[in-house]
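**Student:** So here's query.cif (mmCIF, N, CA and C atoms).
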```cif
data_upload
loop_
_atom_site.label_atom_id
_atom_site.label_comp_id
_atom_site.auth_asym_id
_atom_site.auth_seq_id
_atom_site.Cartn_x
_atom_site.Cartn_y
_atom_site.Cartn_z
N MET C 1178 -2.08 -9.21 19.72
CA MET C 1178 -2.52 -9.16 18.34
C MET C 1178 -2.21 -10.50 17.68
N THR C 1179 -3.19 -11.06 17.04
CA THR C 1179 -2.98 -12.33 16.35
C THR C 1179 -2.47 -12.08 14.94
N ALA C 1180 -1.91 -13.12 14.32
CA ALA C 1180 -1.37 -12.99 12.97
C ALA C 1180 -2.45 -12.56 11.99
N GLU C 1181 -3.70 -12.97 12.23
CA GLU C 1181 -4.80 -12.61 11.33
C GLU C 1181 -5.02 -11.09 11.30
N ALA C 1182 -4.57 -10.41 12.32
CA ALA C 1182 -4.79 -8.97 12.40
C ALA C 1182 -3.84 -8.18 11.49
N TYR C 1183 -2.82 -8.81 10.94
CA TYR C 1183 -1.90 -8.10 10.06
C TYR C 1183 -2.56 -7.86 8.72
N ARG C 1184 -2.89 -6.62 8.46
CA ARG C 1184 -3.54 -6.25 7.21
C ARG C 1184 -2.72 -5.24 6.41
N ARG C 1185 -1.86 -4.50 7.10
CA ARG C 1185 -1.01 -3.50 6.43
C ARG C 1185 0.43 -3.71 6.88
N ILE C 1186 1.27 -4.08 5.92
CA ILE C 1186 2.67 -4.36 6.22
C ILE C 1186 3.53 -3.27 5.61
N LEU C 1187 4.38 -2.68 6.43
CA LEU C 1187 5.35 -1.70 5.96
C LEU C 1187 6.69 -2.41 5.82
N LEU C 1188 7.14 -2.53 4.59
CA LEU C 1188 8.42 -3.19 4.28
C LEU C 1188 9.48 -2.11 4.14
N VAL C 1189 10.44 -2.13 5.06
CA VAL C 1189 11.51 -1.13 5.08
C VAL C 1189 12.75 -1.74 4.44
N LEU C 1190 13.24 -1.10 3.38
CA LEU C 1190 14.40 -1.62 2.66
C LEU C 1190 15.49 -0.57 2.61
N ASP C 1191 16.74 -1.03 2.80
CA ASP C 1191 17.87 -0.10 2.73
C ASP C 1191 18.52 -0.10 1.35
N LEU C 1192 17.96 -0.86 0.42
CA LEU C 1192 18.41 -0.94 -0.97
C LEU C 1192 19.79 -1.56 -1.13
N THR C 1193 20.22 -2.35 -0.14
CA THR C 1193 21.46 -3.10 -0.27
C THR C 1193 21.14 -4.43 -0.93
N GLU C 1194 22.15 -5.25 -1.10
CA GLU C 1194 21.94 -6.57 -1.72
C GLU C 1194 21.03 -7.47 -0.89
N ASP C 1195 20.82 -7.13 0.37
CA ASP C 1195 19.95 -7.92 1.25
C ASP C 1195 18.47 -7.59 1.07
N SER C 1196 18.16 -6.53 0.36
CA SER C 1196 16.77 -6.07 0.24
C SER C 1196 15.85 -7.11 -0.38
N LEU C 1197 16.34 -7.84 -1.34
CA LEU C 1197 15.51 -8.85 -1.99
C LEU C 1197 15.13 -9.96 -1.01
N GLN C 1198 16.09 -10.41 -0.22
CA GLN C 1198 15.83 -11.46 0.79
C GLN C 1198 14.79 -10.97 1.80
N ILE C 1199 14.93 -9.76 2.28
CA ILE C 1199 13.99 -9.19 3.25
C ILE C 1199 12.63 -9.02 2.61
N GLY C 1200 12.63 -8.51 1.39
CA GLY C 1200 11.38 -8.29 0.67
C GLY C 1200 10.62 -9.58 0.41
N ARG C 1201 11.33 -10.63 0.05
CA ARG C 1201 10.66 -11.92 -0.20
C ARG C 1201 9.96 -12.42 1.06
N ARG C 1202 10.58 -12.23 2.20
CA ARG C 1202 9.96 -12.66 3.46
C ARG C 1202 8.68 -11.87 3.71
N ALA C 1203 8.74 -10.56 3.52
CA ALA C 1203 7.56 -9.72 3.75
C ALA C 1203 6.44 -10.05 2.77
N VAL C 1204 6.79 -10.27 1.51
CA VAL C 1204 5.78 -10.61 0.50
C VAL C 1204 5.14 -11.95 0.82
N ALA C 1205 5.91 -12.91 1.31
CA ALA C 1205 5.36 -14.22 1.68
C ALA C 1205 4.37 -14.07 2.83
N VAL C 1206 4.73 -13.28 3.82
CA VAL C 1206 3.83 -13.05 4.96
C VAL C 1206 2.55 -12.37 4.48
N ALA C 1207 2.71 -11.35 3.64
CA ALA C 1207 1.54 -10.63 3.12
C ALA C 1207 0.63 -11.56 2.33
N ALA C 1208 1.21 -12.43 1.51
CA ALA C 1208 0.42 -13.35 0.70
C ALA C 1208 -0.34 -14.34 1.58
N GLN C 1209 0.32 -14.85 2.61
CA GLN C 1209 -0.34 -15.81 3.51
C GLN C 1209 -1.51 -15.18 4.26
N LEU C 1210 -1.38 -13.91 4.58
CA LEU C 1210 -2.39 -13.25 5.41
C LEU C 1210 -3.37 -12.39 4.62
N GLY C 1211 -3.13 -12.26 3.32
CA GLY C 1211 -3.98 -11.38 2.53
C GLY C 1211 -3.78 -9.92 2.88
N ALA C 1212 -2.57 -9.57 3.30
CA ALA C 1212 -2.28 -8.21 3.74
C ALA C 1212 -1.77 -7.36 2.58
N LYS C 1213 -1.95 -6.06 2.71
CA LYS C 1213 -1.40 -5.11 1.75
C LYS C 1213 0.01 -4.77 2.21
N ILE C 1214 0.86 -4.50 1.24
CA ILE C 1214 2.25 -4.20 1.55
C ILE C 1214 2.62 -2.84 0.96
N GLU C 1215 3.41 -2.09 1.71
CA GLU C 1215 3.92 -0.80 1.25
C GLU C 1215 5.42 -0.81 1.47
N LEU C 1216 6.18 -0.36 0.46
CA LEU C 1216 7.63 -0.34 0.54
C LEU C 1216 8.12 1.04 0.94
N LEU C 1217 9.14 1.06 1.79
CA LEU C 1217 9.70 2.33 2.28
C LEU C 1217 11.22 2.26 2.26
N HIS C 1218 11.82 3.34 1.78
CA HIS C 1218 13.26 3.54 1.90
C HIS C 1218 13.45 4.95 2.44
N VAL C 1219 14.35 5.10 3.41
CA VAL C 1219 14.63 6.41 3.98
C VAL C 1219 16.06 6.80 3.66
N LEU C 1220 16.19 7.97 3.06
CA LEU C 1220 17.50 8.54 2.76
C LEU C 1220 17.85 9.57 3.82
N GLU C 1221 18.99 9.39 4.44
CA GLU C 1221 19.48 10.43 5.33
C GLU C 1221 20.30 11.38 4.48
N PHE C 1222 19.94 12.66 4.52
CA PHE C 1222 20.67 13.63 3.71
C PHE C 1222 22.09 13.77 4.20
N LEU C 1223 22.98 13.97 3.26
CA LEU C 1223 24.37 14.22 3.59
C LEU C 1223 24.48 15.65 4.11
N PRO C 1224 25.23 15.86 5.20
CA PRO C 1224 25.35 17.23 5.70
C PRO C 1224 26.12 18.09 4.70
N ILE C 1225 25.65 19.32 4.53
CA ILE C 1225 26.34 20.24 3.64
C ILE C 1225 26.64 21.53 4.38
N GLU C 1226 27.65 22.20 3.96
CA GLU C 1226 28.03 23.48 4.54
C GLU C 1226 27.02 24.53 4.07
N PRO C 1227 26.28 25.19 4.97
CA PRO C 1227 25.22 26.11 4.55
C PRO C 1227 25.73 27.28 3.69
N MET C 1228 26.93 27.74 3.89
CA MET C 1228 27.44 28.88 3.14
C MET C 1228 28.41 28.44 2.03
N ALA C 1229 28.44 27.16 1.76
CA ALA C 1229 29.38 26.65 0.78
C ALA C 1229 29.00 27.08 -0.63
N GLU C 1230 30.02 27.25 -1.46
CA GLU C 1230 29.78 27.60 -2.86
C GLU C 1230 29.13 26.45 -3.61
N THR C 1231 29.21 25.26 -3.07
CA THR C 1231 28.71 24.08 -3.77
C THR C 1231 27.30 23.71 -3.34
N LEU C 1232 26.57 24.66 -2.76
CA LEU C 1232 25.22 24.35 -2.27
C LEU C 1232 24.33 23.83 -3.39
N MET C 1233 24.34 24.46 -4.54
CA MET C 1233 23.50 24.01 -5.64
C MET C 1233 23.92 22.61 -6.12
N ALA C 1234 25.22 22.37 -6.17
CA ALA C 1234 25.69 21.03 -6.56
C ALA C 1234 25.23 19.99 -5.55
N SER C 1235 25.25 20.34 -4.27
CA SER C 1235 24.80 19.41 -3.23
C SER C 1235 23.32 19.11 -3.36
N VAL C 1236 22.52 20.13 -3.65
CA VAL C 1236 21.08 19.93 -3.83
C VAL C 1236 20.83 19.01 -5.02
N ARG C 1237 21.57 19.22 -6.10
CA ARG C 1237 21.42 18.39 -7.30
C ARG C 1237 21.81 16.94 -6.99
N ILE C 1238 22.87 16.76 -6.22
CA ILE C 1238 23.29 15.40 -5.84
C ILE C 1238 22.20 14.73 -5.02
N GLU C 1239 21.58 15.46 -4.08
CA GLU C 1239 20.52 14.87 -3.27
C GLU C 1239 19.31 14.52 -4.13
N ASP C 1240 18.97 15.38 -5.09
CA ASP C 1240 17.86 15.07 -6.00
C ASP C 1240 18.15 13.81 -6.79
N GLU C 1241 19.39 13.65 -7.22
CA GLU C 1241 19.78 12.45 -7.97
C GLU C 1241 19.70 11.21 -7.08
N ARG C 1242 20.11 11.35 -5.83
CA ARG C 1242 20.01 10.21 -4.88
C ARG C 1242 18.55 9.82 -4.68
N LEU C 1243 17.66 10.80 -4.55
CA LEU C 1243 16.24 10.52 -4.39
C LEU C 1243 15.69 9.81 -5.63
N ASP C 1244 16.04 10.30 -6.80
CA ASP C 1244 15.57 9.67 -8.05
C ASP C 1244 16.07 8.24 -8.16
N ARG C 1245 17.35 8.01 -7.84
CA ARG C 1245 17.90 6.65 -7.90
C ARG C 1245 17.21 5.73 -6.91
N ALA C 1246 16.95 6.24 -5.70
CA ALA C 1246 16.28 5.44 -4.67
C ALA C 1246 14.86 5.08 -5.11
N ARG C 1247 14.14 6.04 -5.68
CA ARG C 1247 12.77 5.77 -6.16
C ARG C 1247 12.79 4.70 -7.26
N SER C 1248 13.73 4.82 -8.18
CA SER C 1248 13.83 3.85 -9.28
C SER C 1248 14.17 2.47 -8.74
N ARG C 1249 15.11 2.39 -7.82
CA ARG C 1249 15.53 1.10 -7.26
C ARG C 1249 14.39 0.47 -6.46
N LEU C 1250 13.65 1.27 -5.71
CA LEU C 1250 12.55 0.73 -4.91
C LEU C 1250 11.44 0.20 -5.82
N ALA C 1251 11.13 0.93 -6.89
CA ALA C 1251 10.12 0.48 -7.84
C ALA C 1251 10.58 -0.81 -8.54
N ALA C 1252 11.87 -0.90 -8.85
CA ALA C 1252 12.41 -2.11 -9.48
C ALA C 1252 12.32 -3.29 -8.52
N LEU C 1253 12.58 -3.06 -7.24
CA LEU C 1253 12.45 -4.12 -6.24
C LEU C 1253 11.00 -4.58 -6.12
N ALA C 1254 10.07 -3.64 -6.12
CA ALA C 1254 8.64 -4.01 -6.05
C ALA C 1254 8.28 -4.91 -7.22
N LEU C 1255 8.76 -4.57 -8.40
CA LEU C 1255 8.50 -5.37 -9.59
C LEU C 1255 9.13 -6.75 -9.45
N GLU C 1256 10.38 -6.80 -9.00
CA GLU C 1256 11.09 -8.07 -8.82
C GLU C 1256 10.44 -8.94 -7.76
N LEU C 1257 9.84 -8.32 -6.76
CA LEU C 1257 9.17 -9.05 -5.69
C LEU C 1257 7.76 -9.49 -6.08
N GLY C 1258 7.31 -9.04 -7.24
CA GLY C 1258 5.98 -9.43 -7.71
C GLY C 1258 4.86 -8.58 -7.14
N VAL C 1259 5.19 -7.38 -6.64
CA VAL C 1259 4.17 -6.48 -6.10
C VAL C 1259 4.31 -5.09 -6.74
N PRO C 1260 4.24 -5.03 -8.08
CA PRO C 1260 4.47 -3.75 -8.75
C PRO C 1260 3.42 -2.68 -8.42
N GLU C 1261 2.26 -3.12 -7.94
CA GLU C 1261 1.20 -2.17 -7.59
C GLU C 1261 1.35 -1.61 -6.18
N ALA C 1262 2.27 -2.17 -5.39
CA ALA C 1262 2.45 -1.72 -4.01
C ALA C 1262 2.99 -0.30 -3.98
N PRO C 1263 2.45 0.52 -3.08
CA PRO C 1263 3.00 1.87 -2.94
C PRO C 1263 4.47 1.81 -2.55
N CYS C 1264 5.27 2.67 -3.16
CA CYS C 1264 6.70 2.78 -2.87
C CYS C 1264 6.98 4.20 -2.40
N ARG C 1265 7.54 4.33 -1.22
CA ARG C 1265 7.83 5.66 -0.67
C ARG C 1265 9.31 5.80 -0.40
N VAL C 1266 9.84 6.93 -0.79
CA VAL C 1266 11.19 7.30 -0.42
C VAL C 1266 11.07 8.58 0.39
N GLU C 1267 11.49 8.51 1.63
CA GLU C 1267 11.42 9.66 2.53
C GLU C 1267 12.83 10.09 2.90
N THR C 1268 12.95 11.30 3.40
CA THR C 1268 14.24 11.81 3.83
C THR C 1268 14.17 12.19 5.29
N GLY C 1269 15.29 12.05 5.97
CA GLY C 1269 15.36 12.41 7.37
C GLY C 1269 16.03 11.31 8.18
N SER C 1270 15.74 11.29 9.45
CA SER C 1270 16.28 10.26 10.34
C SER C 1270 15.60 8.93 10.00
N VAL C 1271 16.39 7.93 9.72
CA VAL C 1271 15.82 6.63 9.33
C VAL C 1271 14.87 6.12 10.40
N LYS C 1272 15.31 6.13 11.62
CA LYS C 1272 14.50 5.58 12.71
C LYS C 1272 13.20 6.36 12.89
N ALA C 1273 13.29 7.68 12.91
CA ALA C 1273 12.11 8.51 13.11
C ALA C 1273 11.13 8.38 11.94
N GLU C 1274 11.65 8.33 10.72
CA GLU C 1274 10.78 8.24 9.55
C GLU C 1274 10.06 6.90 9.47
N ILE C 1275 10.73 5.82 9.84
CA ILE C 1275 10.07 4.51 9.83
C ILE C 1275 8.88 4.53 10.79
N VAL C 1276 9.09 5.04 11.97
CA VAL C 1276 8.02 5.09 12.97
C VAL C 1276 6.91 6.03 12.50
N ARG C 1277 7.27 7.17 11.94
CA ARG C 1277 6.28 8.13 11.46
C ARG C 1277 5.42 7.54 10.35
N ILE C 1278 6.07 6.92 9.38
CA ILE C 1278 5.34 6.35 8.24
C ILE C 1278 4.48 5.17 8.70
N ALA C 1279 4.97 4.37 9.62
CA ALA C 1279 4.18 3.25 10.15
C ALA C 1279 2.89 3.77 10.77
N ARG C 1280 2.99 4.86 11.51
CA ARG C 1280 1.79 5.46 12.11
C ARG C 1280 0.88 6.01 11.01
N GLU C 1281 1.48 6.74 10.08
CA GLU C 1281 0.71 7.39 9.02
C GLU C 1281 -0.07 6.39 8.17
N CYS C 1282 0.56 5.27 7.81
CA CYS C 1282 -0.13 4.29 6.96
C CYS C 1282 -0.86 3.23 7.80
N GLN C 1283 -0.88 3.42 9.10
CA GLN C 1283 -1.55 2.51 10.03
C GLN C 1283 -1.09 1.07 9.85
N ALA C 1284 0.23 0.91 9.79
CA ALA C 1284 0.80 -0.43 9.62
C ALA C 1284 0.52 -1.29 10.84
N ASP C 1285 0.23 -2.56 10.57
CA ASP C 1285 0.06 -3.55 11.64
C ASP C 1285 1.39 -4.25 11.92
N LEU C 1286 2.28 -4.23 10.91
CA LEU C 1286 3.54 -4.93 11.01
C LEU C 1286 4.59 -4.18 10.20
N ILE C 1287 5.76 -4.00 10.79
CA ILE C 1287 6.91 -3.44 10.09
C ILE C 1287 7.88 -4.60 9.85
N VAL C 1288 8.34 -4.75 8.62
CA VAL C 1288 9.34 -5.77 8.29
C VAL C 1288 10.61 -5.05 7.88
N LEU C 1289 11.72 -5.39 8.53
CA LEU C 1289 13.01 -4.81 8.18
C LEU C 1289 14.10 -5.83 8.39
N GLY C 1290 15.29 -5.52 7.92
CA GLY C 1290 16.42 -6.44 8.05
C GLY C 1290 17.15 -6.26 9.36
N SER C 1291 17.79 -7.33 9.79
CA SER C 1291 18.60 -7.30 11.01
C SER C 1291 19.89 -8.03 10.73
N ARG C 1292 20.99 -7.36 10.92
CA ARG C 1292 22.30 -7.97 10.66
C ARG C 1292 22.95 -8.42 11.96
N GLU C 1293 23.70 -9.48 11.86
CA GLU C 1293 24.44 -10.00 13.00
C GLU C 1293 25.49 -8.97 13.40
N ARG C 1294 25.65 -8.79 14.70
CA ARG C 1294 26.61 -7.81 15.20
C ARG C 1294 27.73 -8.49 15.97
N HIS C 1295 28.90 -7.91 15.86
CA HIS C 1295 30.08 -8.42 16.57
C HIS C 1295 30.86 -7.24 17.14
N GLY C 1296 31.66 -7.52 18.15
CA GLY C 1296 32.56 -6.50 18.69
C GLY C 1296 31.84 -5.27 19.18
N LEU C 1297 32.41 -4.10 18.86
CA LEU C 1297 31.86 -2.83 19.32
C LEU C 1297 30.50 -2.51 18.73
N SER C 1298 30.19 -3.10 17.59
CA SER C 1298 28.89 -2.79 16.97
C SER C 1298 27.72 -3.26 17.84
N ILE C 1299 27.97 -4.16 18.77
CA ILE C 1299 26.93 -4.61 19.70
C ILE C 1299 26.47 -3.44 20.57
N LEU C 1300 27.36 -2.50 20.84
CA LEU C 1300 27.04 -1.37 21.71
C LEU C 1300 26.31 -0.24 20.99
N VAL C 1301 26.29 -0.27 19.67
CA VAL C 1301 25.69 0.81 18.89
C VAL C 1301 24.17 0.63 18.84
N ASN C 1302 23.46 1.73 18.97
CA ASN C 1302 22.00 1.71 18.91
C ASN C 1302 21.58 1.62 17.44
N LEU C 1303 21.29 0.44 16.96
CA LEU C 1303 20.98 0.24 15.55
C LEU C 1303 19.51 0.45 15.26
N THR C 1304 19.22 0.67 13.99
CA THR C 1304 17.87 1.01 13.55
C THR C 1304 16.84 0.00 14.02
N GLU C 1305 17.09 -1.29 13.81
CA GLU C 1305 16.05 -2.26 14.16
C GLU C 1305 15.73 -2.26 15.64
N ASP C 1306 16.73 -2.01 16.50
CA ASP C 1306 16.47 -1.95 17.94
C ASP C 1306 15.61 -0.74 18.30
N THR C 1307 15.95 0.40 17.73
CA THR C 1307 15.19 1.62 18.01
C THR C 1307 13.77 1.50 17.50
N VAL C 1308 13.60 1.00 16.29
CA VAL C 1308 12.26 0.84 15.72
C VAL C 1308 11.45 -0.12 16.57
N LEU C 1309 12.05 -1.21 17.00
CA LEU C 1309 11.35 -2.20 17.81
C LEU C 1309 10.72 -1.55 19.04
N HIS C 1310 11.45 -0.66 19.68
CA HIS C 1310 10.95 -0.06 20.91
C HIS C 1310 10.04 1.15 20.69
N ALA C 1311 10.12 1.78 19.52
CA ALA C 1311 9.32 2.98 19.27
C ALA C 1311 8.13 2.72 18.35
N ALA C 1312 8.09 1.58 17.71
CA ALA C 1312 7.06 1.31 16.70
C ALA C 1312 5.66 1.25 17.31
N PRO C 1313 4.67 1.69 16.54
CA PRO C 1313 3.29 1.62 16.99
C PRO C 1313 2.65 0.26 16.72
N CYS C 1314 3.46 -0.69 16.23
CA CYS C 1314 2.93 -2.00 15.86
C CYS C 1314 4.03 -3.04 16.03
N ASP C 1315 3.73 -4.28 15.67
CA ASP C 1315 4.73 -5.33 15.74
C ASP C 1315 5.83 -5.11 14.71
N VAL C 1316 6.99 -5.68 14.99
CA VAL C 1316 8.14 -5.57 14.09
C VAL C 1316 8.69 -6.96 13.83
N LEU C 1317 8.87 -7.28 12.55
CA LEU C 1317 9.51 -8.53 12.16
C LEU C 1317 10.88 -8.17 11.63
N ALA C 1318 11.91 -8.60 12.34
CA ALA C 1318 13.29 -8.35 11.92
C ALA C 1318 13.79 -9.60 11.21
N VAL C 1319 14.00 -9.50 9.91
CA VAL C 1319 14.47 -10.63 9.11
C VAL C 1319 15.98 -10.71 9.26
N ARG C 1320 16.44 -11.85 9.78
CA ARG C 1320 17.88 -12.03 9.98
C ARG C 1320 18.55 -12.16 8.62
N VAL C 1321 19.51 -11.28 8.40
CA VAL C 1321 20.26 -11.29 7.15
C VAL C 1321 21.63 -11.85 7.44
N SER C 1322 21.95 -12.92 6.75
CA SER C 1322 23.26 -13.53 6.97
C SER C 1322 24.13 -13.31 5.77
N ARG C 1323 25.36 -13.05 6.02
CA ARG C 1323 26.33 -12.86 4.95
C ARG C 1323 27.21 -14.10 4.89
N PRO C 1324 27.53 -14.53 3.67
CA PRO C 1324 28.43 -15.67 3.55
C PRO C 1324 29.80 -15.33 4.10
N PRO C 1325 30.47 -16.31 4.74
CA PRO C 1325 31.80 -16.04 5.28
C PRO C 1325 32.75 -15.68 4.14
N GLY C 1326 33.63 -14.79 4.45
CA GLY C 1326 34.60 -14.42 3.42
C GLY C 1326 35.23 -13.20 3.75
#
```
Represent the structure from my file as C-alpha cells, please.
**Tutor:**
Amino acid sequence: MTAEAYRRILLVLDLTEDSLQIGRRAVAVAAQLGAKIELLHVLEFLPIEPMAETLMASVRIEDERLDRARSRLAALALELGVPEAPCRVETGSVKAEIVRIARECQADLIVLGSRERHGLSILVNLTEDTVLHAAPCDVLAVRVSRPPG
C-alpha cells in the first residue's frame, strides 16, 4: 500500500499528556494526504463485584468516566484543529476495540503512541504490539519520549 492510499486515519488516544503530541503527528499526516481522521479512546471498565451493594455507585462512576472521556476527546479534536472529526469513546478491551473500530470505519492507517520500555516491561504484551499484529491496516506508532527526571 502506498502512502497515497491512506484516506481514513484512526487516531487512537489514551488521553494522557502525550495525546497532543500523537494527535499532531496524525493530523499532519492526514493534512499531507488529504485523509479523513477519526479519534478513538477506549475505556476499560473497572471490575465490580456483581452482588456488591455499591453496584449503582459503580455504574454512575463509569458513566462519569465515559462523559469525561468524551469531553476530553472533543477538546483534543478542537485543540488539534479538527473539531469536525468524529470522536468515539468505546468500552472494552483496548486492543480488541481498536482493531474492531479500525475494521468498522475501514481505516487505512491506525496512529497510536508507543512508549519506550525498560526492564520487565519489555516482556509485557503492550497495546501497540498487539494492534500491530492484529490490525486490518498499517499502523503508525508515534514514539513518545518523556523528559528525564
**Student:** At a cut-off of 8 Å, using only C-alpha atoms, what residues contact Gly1200 of chain C? Leave out same-chain residues fewer than 3 positions from it and give the result as a list in words.
**Tutor:**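 The contact residues come out as Leu1188, Leu1190, Ser1196, Leu1197, Ala1203, Val1204 and Leu1257 of chain C.
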**Student:** Please compute the atom C of Glu1239 of chain C-atom CA of Val1219 of chain C distance, one decimal, in Å.
**Tutor:**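 Taking atom C of Glu1239 of chain C and atom CA of Val1219 of chain C, their separation equals 12.4 Å.
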**Student:** Which of these residues is nearest to Ala1279 of chain C, using only N, CA and C atoms: C:Val1321, C:Cys1314, C:Val1259, C:Ala1252?
**Tutor:**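 Of C:Val1321, C:Cys1314, C:Val1259, C:Ala1252, the one nearest Ala1279 of chain C is C:Cys1314, counting only N, CA and C atoms.
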**Student:** In Å, how far is it from atom CA of Ile1199 of chain C to atom CA of Leu1289 of chain C?
**Tutor:**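 Computing it gives 6.7 Å between the two atoms.
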**Student:** From the set C:Leu1255, C:Leu1210, C:Ala1246, C:Ala1284, which residue has the shortest atom-to-atom contact distance to Arg1185 of chain C, counting all atoms listed in the file?
**Tutor:** C:Ala1284
**Student:** Kindly resolve the PyMOL selection byres (((chain C and resi 1308-1313 and name CA) around 9) and name CA) on the present coordinates and return the residues as a PDB file with N, CA and C atoms, in the frame of the given file.
**Tutor:**
```
ATOM      1  N   LYS C1272      15.310   6.130  11.620  1.00  0.00           N
ATOM      2  CA  LYS C1272      14.500   5.580  12.710  1.00  0.00           C
ATOM      3  C   LYS C1272      13.200   6.360  12.890  1.00  0.00           C
ATOM      4  N   ALA C1273      13.290   7.680  12.910  1.00  0.00           N
ATOM      5  CA  ALA C1273      12.110   8.510  13.110  1.00  0.00           C
ATOM      6  C   ALA C1273      11.130   8.380  11.940  1.00  0.00           C
ATOM      7  N   ILE C1275      10.730   5.820   9.840  1.00  0.00           N
ATOM      8  CA  ILE C1275      10.070   4.510   9.830  1.00  0.00           C
ATOM      9  C   ILE C1275       8.880   4.530  10.790  1.00  0.00           C
ATOM     10  N   VAL C1276       9.090   5.040  11.970  1.00  0.00           N
ATOM     11  CA  VAL C1276       8.020   5.090  12.970  1.00  0.00           C
ATOM     12  C   VAL C1276       6.910   6.030  12.500  1.00  0.00           C
ATOM     13  N   ARG C1277       7.270   7.170  11.940  1.00  0.00           N
ATOM     14  CA  ARG C1277       6.280   8.130  11.460  1.00  0.00           C
ATOM     15  C   ARG C1277       5.420   7.540  10.350  1.00  0.00           C
ATOM     16  N   ALA C1279       4.970   4.370   9.620  1.00  0.00           N
ATOM     17  CA  ALA C1279       4.180   3.250  10.150  1.00  0.00           C
ATOM     18  C   ALA C1279       2.890   3.770  10.770  1.00  0.00           C
ATOM     19  N   ARG C1280       2.990   4.860  11.510  1.00  0.00           N
ATOM     20  CA  ARG C1280       1.790   5.460  12.110  1.00  0.00           C
ATOM     21  C   ARG C1280       0.880   6.010  11.010  1.00  0.00           C
ATOM     22  N   GLN C1283      -0.880   3.420   9.100  1.00  0.00           N
ATOM     23  CA  GLN C1283      -1.550   2.510  10.030  1.00  0.00           C
ATOM     24  C   GLN C1283      -1.090   1.070   9.850  1.00  0.00           C
ATOM     25  N   ALA C1284       0.230   0.910   9.790  1.00  0.00           N
ATOM     26  CA  ALA C1284       0.800  -0.430   9.620  1.00  0.00           C
ATOM     27  C   ALA C1284       0.520  -1.290  10.840  1.00  0.00           C
ATOM     28  N   ASP C1285       0.230  -2.560  10.570  1.00  0.00           N
ATOM     29  CA  ASP C1285       0.060  -3.550  11.640  1.00  0.00           C
ATOM     30  C   ASP C1285       1.390  -4.250  11.920  1.00  0.00           C
ATOM     31  N   LEU C1286       2.280  -4.230  10.910  1.00  0.00           N
ATOM     32  CA  LEU C1286       3.540  -4.930  11.010  1.00  0.00           C
ATOM     33  C   LEU C1286       4.590  -4.180  10.200  1.00  0.00           C
ATOM     34  N   ILE C1287       5.760  -4.000  10.790  1.00  0.00           N
ATOM     35  CA  ILE C1287       6.910  -3.440  10.090  1.00  0.00           C
ATOM     36  C   ILE C1287       7.880  -4.600   9.850  1.00  0.00           C
ATOM     37  N   LEU C1303      21.290   0.440  16.960  1.00  0.00           N
ATOM     38  CA  LEU C1303      20.980   0.240  15.550  1.00  0.00           C
ATOM     39  C   LEU C1303      19.510   0.450  15.260  1.00  0.00           C
ATOM     40  N   THR C1304      19.220   0.670  13.990  1.00  0.00           N
ATOM     41  CA  THR C1304      17.870   1.010  13.550  1.00  0.00           C
ATOM     42  C   THR C1304      16.840   0.000  14.020  1.00  0.00           C
ATOM     43  N   GLU C1305      17.090  -1.290  13.810  1.00  0.00           N
ATOM     44  CA  GLU C1305      16.050  -2.260  14.160  1.00  0.00           C
ATOM     45  C   GLU C1305      15.730  -2.260  15.640  1.00  0.00           C
ATOM     46  N   ASP C1306      16.730  -2.010  16.500  1.00  0.00           N
ATOM     47  CA  ASP C1306      16.470  -1.950  17.940  1.00  0.00           C
ATOM     48  C   ASP C1306      15.610  -0.740  18.300  1.00  0.00           C
ATOM     49  N   THR C1307      15.950   0.400  17.730  1.00  0.00           N
ATOM     50  CA  THR C1307      15.190   1.620  18.010  1.00  0.00           C
ATOM     51  C   THR C1307      13.770   1.500  17.500  1.00  0.00           C
ATOM     52  N   CYS C1314       3.460  -0.690  16.230  1.00  0.00           N
ATOM     53  CA  CYS C1314       2.930  -2.000  15.860  1.00  0.00           C
ATOM     54  C   CYS C1314       4.030  -3.040  16.030  1.00  0.00           C
ATOM     55  N   ASP C1315       3.730  -4.280  15.670  1.00  0.00           N
ATOM     56  CA  ASP C1315       4.730  -5.330  15.740  1.00  0.00           C
ATOM     57  C   ASP C1315       5.830  -5.110  14.710  1.00  0.00           C
ATOM     58  N   VAL C1316       6.990  -5.680  14.990  1.00  0.00           N
ATOM     59  CA  VAL C1316       8.140  -5.570  14.090  1.00  0.00           C
ATOM     60  C   VAL C1316       8.690  -6.960  13.830  1.00  0.00           C
ATOM     61  N   LEU C1317       8.870  -7.280  12.550  1.00  0.00           N
ATOM     62  CA  LEU C1317       9.510  -8.530  12.160  1.00  0.00           C
ATOM     63  C   LEU C1317      10.880  -8.170  11.630  1.00  0.00           C
ATOM     64  N   ALA C1318      11.910  -8.600  12.340  1.00  0.00           N
ATOM     65  CA  ALA C1318      13.290  -8.350  11.920  1.00  0.00           C
ATOM     66  C   ALA C1318      13.790  -9.600  11.210  1.00  0.00           C
TER      67      ALA C1318
END
```
**Student:** Identify which of the residues C:Glu1261, C:Arg1249, C:Leu1243, C:Val1266 lies closest to His1218 of chain C, counting all atoms listed in the file when measuring atom-to-atom distances.
**Tutor:**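 Nearest to His1218 of chain C: C:Val1266.
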**Student:** What is the distance, in Å and to one decimal place, between atom CA of Leu1220 of chain C and atom CA of Gly1290 of chain C?
**Tutor:**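 Separating atom CA of Leu1220 of chain C from atom CA of Gly1290 of chain C is a distance of 15.9 Å.
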**Student:** Pull the strand (DSSP E) assignments for segment 1194-1225 of chain C out of DSSP run on the backbone, and list those residues as number ranges by chain.
**Tutor:** C: 1213-1220
**Student:** Rank nothing, just name the residue among C:Tyr1183, C:Leu1250, C:Thr1193, C:Thr1268 nearest to Arg1292 of chain C, using only C-alpha atoms.
**Tutor:** C:Thr1193
**Student:** Taking 6 positions as the minimum chain separation for residues in the same chain, which residues sit within 8 Å of Ala1207 of chain C when counting all atoms listed in the file? Answer as a list in words.
**Tutor:** Tyr1183, Arg1184, Arg1185, Ile1186, Arg1201, Lys1213 and Ile1214 of chain C
**Student:** Measuring atom to atom with all atoms listed in the file, identify which of C:Phe1222, C:Ala1254, C:Glu1215, C:Ser1270 is nearest to Val1189 of chain C.
**Tutor:**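 Nearest candidate to Val1189 of chain C out of C:Phe1222, C:Ala1254, C:Glu1215, C:Ser1270: C:Glu1215.
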**Student:** Report the residues of segment 1245-1293 of chain C whose backbone DSSP state falls under helix (DSSP H, G or I), written as a VMD selection string.
**Tutor:** chain C and resid 1245 to 1256 1271 to 1281
